[in-house]
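Here is the structure we will look at, set down as structure tokens.
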Amino acid sequence: MSPDIDIPSLIARRKPGYSLEAPFYASQQLLDLDIDVIFGRHWFFAAVEPEIPEPGDYVTVTVGPHSVILLRDDDNAVRAFHNVCRHRGSRLVLDRKGFVGNLVCPYHQWTYDLSGALVHAESMSACFEKSRFGLKPVHVRSLAGLLFICLADQPPDDFEEMAAILEPYLAPHDLRGCKVATQIDIVEDGNWKLTIENNRECYHCGGHPELLCSLFHFFGYAANDVSPSQRAYYERFERVHEEFVRIWQAQDLPYEPVEKLSGRATGFRTERLALDGPGESYTMDAKAACRRLVNGFTSPRLGSLHLHTQPNAWYHFLGDHAVTFSTLPLAPDRTLLRTTWLVHRDAEAGRDYDLDTLTQVWRATNEQDGTFVGNAQRGIGSPAYEPGPYSPAEYMVDQFCTWYIERLSAHRPR
Amino acid sequence: MSPDIDIPSLIARRKPGYSLEAPFYASQQLLDLDIDVIFGRHWFFAAVEPEIPEPGDYVTVTVGPHSVILLRDDDNAVRAFHNVCRHRGSRLVLDRKGFVGNLVCPYHQWTYDLSGALVHAESMSACFEKSRFGLKPVHVRSLAGLLFICLADQPPDDFEEMAAILEPYLAPHDLRGCKVATQIDIVEDGNWKLTIENNRECYHCGGHPELLCSLFHFFGYAANDVSPSQRAYYERFERVHEEFVRIWQAQDLPYEPVEKLSGRATGFRTERLALDGPGESYTMDAKAACRRLVNGFTSPRLGSLHLHTQPNAWYHFLGDHAVTFSTLPLAPDRTLLRTTWLVHRDAEAGRDYDLDTLTQVWRATNEQDGTFVGNAQRGIGSPAYEPGPYSPAEYMVDQFCTWYIERLSAHRPR
Amino acid sequence: MSPDIDIPSLIARRKPGYSLEAPFYASQQLLDLDIDVIFGRHWFFAAVEPEIPEPGDYVTVTVGPHSVILLRDDDNAVRAFHNVCRHRGSRLVLDRKGFVGNLVCPYHQWTYDLSGALVHAESMSACFEKSRFGLKPVHVRSLAGLLFICLADQPPDDFEEMAAILEPYLAPHDLRGCKVATQIDIVEDGNWKLTIENNRECYHCGGHPELLCSLFHFFGYAANDVSPSQRAYYERFERVHEEFVRIWQAQDLPYEPVEKLSGRATGFRTERLALDGPGESYTMDAKAACRRLVNGFTSPRLGSLHLHTQPNAWYHFLGDHAVTFSTLPLAPDRTLLRTTWLVHRDAEAGRDYDLDTLTQVWRATNEQDGTFVGNAQRGIGSPAYEPGPYSPAEYMVDQFCTWYIERLSAHRPR
């Protein structure tokens with residue numbers, strides 16, 4: 001039971017270019033604040049449309065004490081509701097995903113339709129007004145098939161601006177034309193921000209041998225950050241990149257980096273990346289894992305459209321598949337990482353793709369990252385820890401921390 | 001680590017007819033208050049006399065940080081003591097139940113007799129006064145064999161009034177002439193009040209198919225709470241009830257409801273219930289599970305004497321057996337439910353009763369209720385939860401909440 | 001979430017001759033204080049030199065949130081560092097023990113030499129000064145091979161005085177000439193102070209049948225503390241003790257008790273003890289467990305040099321082996337007990353000693369003590385617990401509590 005932390009001082013003390021102070025990663029009080037401010041008042045990535053393709057399909061997403069149902073209603077629109085019965089508070093749906101006609105509370109059978117309206121409640125008094133007891137809605141938006149929710153009454157107003165920028169990058173990958181090949185949840189033994197920070201730099205990529213079969217080591221590196229021993233490798237990367245630029249230009253695929261990581265509520269970054277070797281996919285041989293390409297692409301040699309959206313997600317869109325990653329805090333030192341692999345809706349496992357091959361690299365990489373995050377969490381817990389300096393190649397980590405501190409500052413702690 | 005909760009405001013805001021606000025069910029601070037005020041200053045049900053039939057027999061009961069020994073002393077009286085050695089605080093008895101001659105501390109062998117007096121302590125200094133270090137007693141009372149304890153120095157003074165009302169109802173069931181057939185502990189993943197509230201209504205009884213083989217669905221229902229679709233079922237219930245009234249009258253068994261659920265420290269309610277079908281017992285065929293009836297009853301067709309005592313227990317007394325239920329809080333979201341089945345002292349398992357048959361309905365019902373309680377606990381944890389309206393058939397839940405709020409109000413929070 | 005505890009009042013209320021009040025054993029707030037004041041500002045026993053015999057050998061020790069690396073550097077000196085990378089805080093070494101050339105952070109490969117200097121960090125900016133980012137050192141001292149660390153910037157200044165007194169007692173046992181035969185960690189379900197207090201008295205030794213094969217029951221007893229029934233046993237003990245005094249005198253082994261348990265920062269006590277039967281070792285037959293004696297002793301009949309050092313350790317040095325015990329708090333109600341058995345460096349398992357025989361008595365005794373400590377912890381958690389009186393034979397427990405309260409008083413709570 002640590003004494004109360006002086007959050008305004010912690011925020012004021014933040015030193016740019018350095019990692020955050022320990023309480024940001026280790027204290028329950030800060031996690032509560034993160035859930036209140038970061039996850040409670042910002043758009044965050046929750047699911048993909050192919051998880052709920054048909055009316056009545058639903059998934060639930062849990063963040064802190066919130067459980068949210070995302071479903072497709074009878075008009076094919078995506079809706080989101082708090083997963084709480086208006087009678088005595090029971091969870092309405094208990095499974096992570098499923099299909100329903102109506103939402104019937106398992107406790108006393110209060111029944112809601114897919115628009116959230118209470119349509120039946122047995123034996124209530126004559127003066128009971130059903131219309132006052134509909135499910136509480138949650139804001140939900142789809143960005144080219146990526147579903148974002150916001151728990152606040154008044155969501156940040158810059159989502160549309162992000163969507164306008166990103167749509168041209170994402171549209172060619174036709175996420176809505178995909179299906180979920182598989183989804184894997186793992187738990188990392190670290191704070192959710194360590195999971196995100198780890199994702200924002202390739203300074204640690206030496207620890208990812210499988211990933212380096214396709215990804216160049218230089219994500220986040222400027223030319224003069226490269227050490228002499230990697231100079232030849234870097235020059236090869238530059239040549240390959242030029243080659244990919246020509247491919248992208250030929251196909252009218254937007255590829256220039258867009259980086260809006262701080263100074264706004266809804267931070268994001270995208271960039272199309274050259275890949276090594278055949279340059280087709282994140283596989284051990286960098287070749288396509290699925291021979292049925294997405295959206296009618298005729299060649300898989302497209303590199304990877306990299307995207308991250310703050311606070312909690314990153315994504316890769318390739319010629320043959322897409323993969324999304326969402327992080328959801330479970331405790332100050334435990335984070336859910338949900339990874340979803342998507343392929344063309346008509347691709348068939350066994351025929352068009354092998355699931356192990358499709359998922360091998362990111363399964364290995366996630367596990368390695370989980371170890372890095374766990375080691376960092378444990379070290380940061382020591383009173384001997386003090387914020388250390390980022391390398392230039394970690395500038396996106398620094399940007400993430402800047403955004404995070406900005407967002408806390410913008411919302412006075414409870 | 002949630003910020004301190006303003007308990008007086010929470011109490012003042014309580015809205016009759018609606019479920020309680022979330023902190024009552026979810027916060028450690030409120031659980032501490034419940035243990036201090038509700039379990040610490042009221043009589044609560046702890047055990048039955050047949051658990052400790054002979055001198056030296058003991059059981060221990062744990063509630064929050066308290067461990068209490070209930071034992072039968074050498075004069076056949078029931079006594080209760082705190083399970084704490086007066087030397088360095090060790091637990092004295094470690095098992096849930098057993099038999100002792102004296103109470104000998106396992107650490108340094110300080111020895112207490114069954115009256116709690118310290119009778120031996122090795123190698124103490126000459127000025128040590130054994131008489132100052134007897135076990136700390138706990139108030140204990142038997143109501144027709146039901147053992148209630150109170151941890152306060154000054155227990156509520158209305159126990160006798162309850163006992164005087166209930167003795168005539170309970171005496172014919174001769175609990176002291178019974179033995180424990182079996183006792184089963186389960187843990188429900190919800191607040192203890194949710195377990196109690198769940199027990200106080202049959203609005204959810206559609207979820208109990210086994211129980212509905214004998215129990216009519218209408219516990220807590222007034223005639224005009226019954227939905228049109230259940231009208232024929234209700235009319236049958238009324239006819240059967242009339243039939244049972246004649247049986248009870250013929251045997252001089254008190255059967256009128258007594259309902260003293262609020263407005264007093266020691267709240268309780270009793271009522272004799274008609275049962276469906278053969279009307280003999282809570283079994284799958286509603287026939288007696290034990291052919292040796294209690295207390296010389298000649299026919300098992302007696303329905304069920306229903307009783308609940310606040311804060312933590314309910315009971316059913318039938319012609320062939322009795323079953324008691326006690327709830328004990330373990331954590332804000334975890335509750336022990338202890339169920340004890342009792343049959344005539346001379347009944348023999350295998351010959352007079354089959355244990356699986358005897359226990360089947362309540363084992364199934366308890367498990368179903370545990371699921372309901374767990375779902376409610378999880379939903380109430382969401383910030384989207386707000387108290388919802390009770391149906392008229394849930395009026396006893398409302399009464400329980402009223403009593404609970406009254407009792408908190410009567411004892412200023414620490 | 002218990003309300004804040006008024007620590008100055010608790011300290012002021014301490015009643016000599018009685019056990020401590022419950023919060024000292026049960027509250028997280030007090031454990032945090034213990035880690036801050038007792039473990040954070042005092043010397044405590046961490047390891048033995050034979051655990052790290054060669055340059056590059058290391059062990060890690062965890063106390064509360066601190067993880068400390070103890071290693072032998074290239075000059076054969078023992079050093080200690082916080083196990084935290086200066087970059088982003090990752091744990092540097094992950095294993096409990098091992099061997100390294102340099103300390104290379106597994107996350108981004110920042111590399112430190114065995115003196116703690118940062119010797120490599122890839123791709124940092126030009127203005128980065130490696131010399132400012134060496135590992136943070138921890139004070140470490142060896143007392144005849146026993147390694148003590150102090151986490152404070154300014155350690156207590158009375159370590160040298162203790163060392164000067166104890167060296168003559170310890171030197172004949174040549175701990176540096178020993179090797180670790182085995183090390184066993186167990187977790188006791190009680191506060192670390194209960195583990196220590198349990199070790200400070202033999203009033204409970206009736207619960208240690210294996211230990212009483214060699215240890216006389218009278219550790220801590222004055223002659224007039226002995227009960228009449230043990231008089232004959234005590235007289236035999238006195239005769240054997242006289243016999244041992246002659247042995248110790250003949251070999252110039254210091255044996256007089258030195259007791260400096262309170263009134264100073266670094267409390268300790270030593271005494272050479274007669275043992276029963278053959279008097280050679282803590283074994284079931286009291287004979288030597290290792291036929292290769294330490295430091296060229298020619299006879300194993302030397303009894304046992306008993307030592308304890310506050311806050312956290314005790315030790316036995318015999319003719320044939322030594323055994324050290326360190327306690328490290330894990331939670332208010334969980335404590336690590338690490339036991340290390342040491343024999344002559346050239347002794348061979350299977351030939352000179354049998355590991356089961358060597359360890360049997362203390363494995364059994366530790367397990368019994370763990371049960372005593374667990375029972376005490378659970379009982380003390382009851383609100384009915386109040387401090388009880390120590391017997392005269394428990395005077396060292398009382399002294400430990402006095403020292404503990406003195407040390408808290410000397411350092412104002414945070």
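In the structure tokens, the first chain shown is A, the next is B, and so on; residue numbers restart at 1 for each chain, and ligands run from 1 in the order shown.
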Distance-based interface of chain B with chain C, 9 Å, counting only C-alpha atoms, as a VMD selection string: chain B and resid 1 to 2 27 to 29 32 64 to 67 82 to 92 94 106 to 109 122 to 125 128 133 136
Non-local contacts of stretch 244-250 of chain B (12 Å; only C-alpha atoms; under 2 positions in same chain excluded) as a PyMOL selection string: chain B and resi 169+172+237-242+252-256+271-280+297+299-305+319
Test item, helix (DSSP H, G or I) assignment across stretch 112-294 of chain A, answer as JSON, numbers by chain: {"A": [130, 131, 132, 133, 159, 160, 161, 162, 163, 164, 165, 166, 167, 168, 169, 170, 171, 172, 173, 175, 176, 177, 192, 193, 194, 195, 196, 197, 198, 199, 205, 206, 207, 211, 212, 213, 223, 224, 225, 228, 229, 230, 231, 232, 233, 234, 235, 236, 237, 238, 239, 240, 241, 242, 243, 244, 245, 246, 247, 248, 249, 250, 294]}
Selection near C:Tyr404, 10 Å with only C-alpha atoms, sequence-local residues under 6 positions removed, as a ChimeraX atom specification: /C:11,34,37-38,193,261-262,265,267,310-311,398,410
From a DSSP pass on the backbone, collect the residues of stretch 89-164 of chain C flagged as strand (DSSP E or B) and hand them back as a tab-separated table (two decimals) with C-alpha atoms, in the first residue's frame.
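Here's the written file out-v9.tsv:
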```tsv
chain	number	residue	atom	x	y	z
C	97	LYS	CA	23.31	-17.18	-9.90
C	98	GLY	CA	25.69	-17.58	-12.76
C	99	PHE	CA	28.90	-16.53	-14.43
C	103	LEU	CA	27.18	-7.61	-17.65
C	104	VAL	CA	25.25	-7.24	-20.92
C	111	THR	CA	27.41	-3.51	-21.60
C	112	TYR	CA	29.05	-3.03	-18.19
C	118	LEU	CA	29.38	1.20	-18.87
C	119	VAL	CA	31.75	0.12	-21.63
C	120	HIS	CA	29.40	-0.03	-24.62
C	137	PRO	CA	26.95	0.33	-6.44
C	139	HIS	CA	27.95	-1.33	-0.09
C	140	VAL	CA	29.29	-4.81	0.59
C	141	ARG	CA	31.55	-6.21	3.33
C	142	SER	CA	32.92	-9.64	4.04
C	143	LEU	CA	33.13	-10.84	7.62
C	146	LEU	CA	29.95	-13.86	5.31
C	147	LEU	CA	28.80	-11.18	2.87
C	148	PHE	CA	26.76	-8.29	4.21
C	149	ILE	CA	25.27	-5.54	2.10
C	150	CYS	CA	23.83	-2.15	2.94
```
Shell around stretch 351-356 of chain B at 8 Å using only C-alpha atoms, local window under 2 positions removed, as an MDAnalysis selection string: chainID B and resid 181:182 289:292 347:349 358:360
Please, could you write that set of residues out with C-alpha atoms as a JSON list (two decimals), in the first residue's frame?
```
[["chain", "number", "residue", "atom", "x", "y", "z"],
["B", 181, "ALA", "CA", -25.34, -36.03, 6.84],
["B", 182, "THR", "CA", -22.83, -33.89, 4.97],
["B", 289, "ALA", "CA", -34.87, -38.40, 0.50],
["B", 290, "CYS", "CA", -34.68, -40.01, 3.95],
["B", 291, "ARG", "CA", -37.20, -42.61, 5.01],
["B", 292, "ARG", "CA", -36.39, -42.09, 8.71],
["B", 347, "ALA", "CA", -30.82, -42.51, 10.01],
["B", 348, "GLU", "CA", -28.18, -44.53, 8.21],
["B", 349, "ALA", "CA", -26.64, -43.60, 4.90],
["B", 358, "LEU", "CA", -30.45, -35.96, -0.54],
["B", 359, "THR", "CA", -28.08, -33.26, -1.79],
["B", 360, "GLN", "CA", -28.64, -33.20, -5.55]]
```
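Using only C-alpha atoms, the nearest neighbour of C:His316 within the list C:His344, C:Arg72, C:Arg13, C:His173 is C:His173.
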Pairwise distance for atom CA of C:Met162 and atom CA of C:Thr266, rounded to one decimal in Å: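 Atom-to-atom, atom CA of C:Met162 and atom CA of C:Thr266 are spaced 7.5 Å apart.
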Can you pull out every residue within 8 Å of B:Ala144, counting only C-alpha atoms, but drop anything in the same chain fewer than 3 positions away, and send it as a compact mmCIF listing (two decimals) with C-alpha atoms, in the first residue's frame?
```txt
# COMPACT_ATOMS: atom_id res chain seq x y z
CA GLU B 167 -39.02 -21.64 18.62
CA LEU B 170 -38.55 -24.87 14.67
CA ALA B 171 -39.20 -27.14 17.64
CA ASP B 174 -35.98 -31.28 16.42
CA LEU B 175 -32.67 -30.14 15.00
CA ARG B 176 -30.87 -31.27 18.14
```
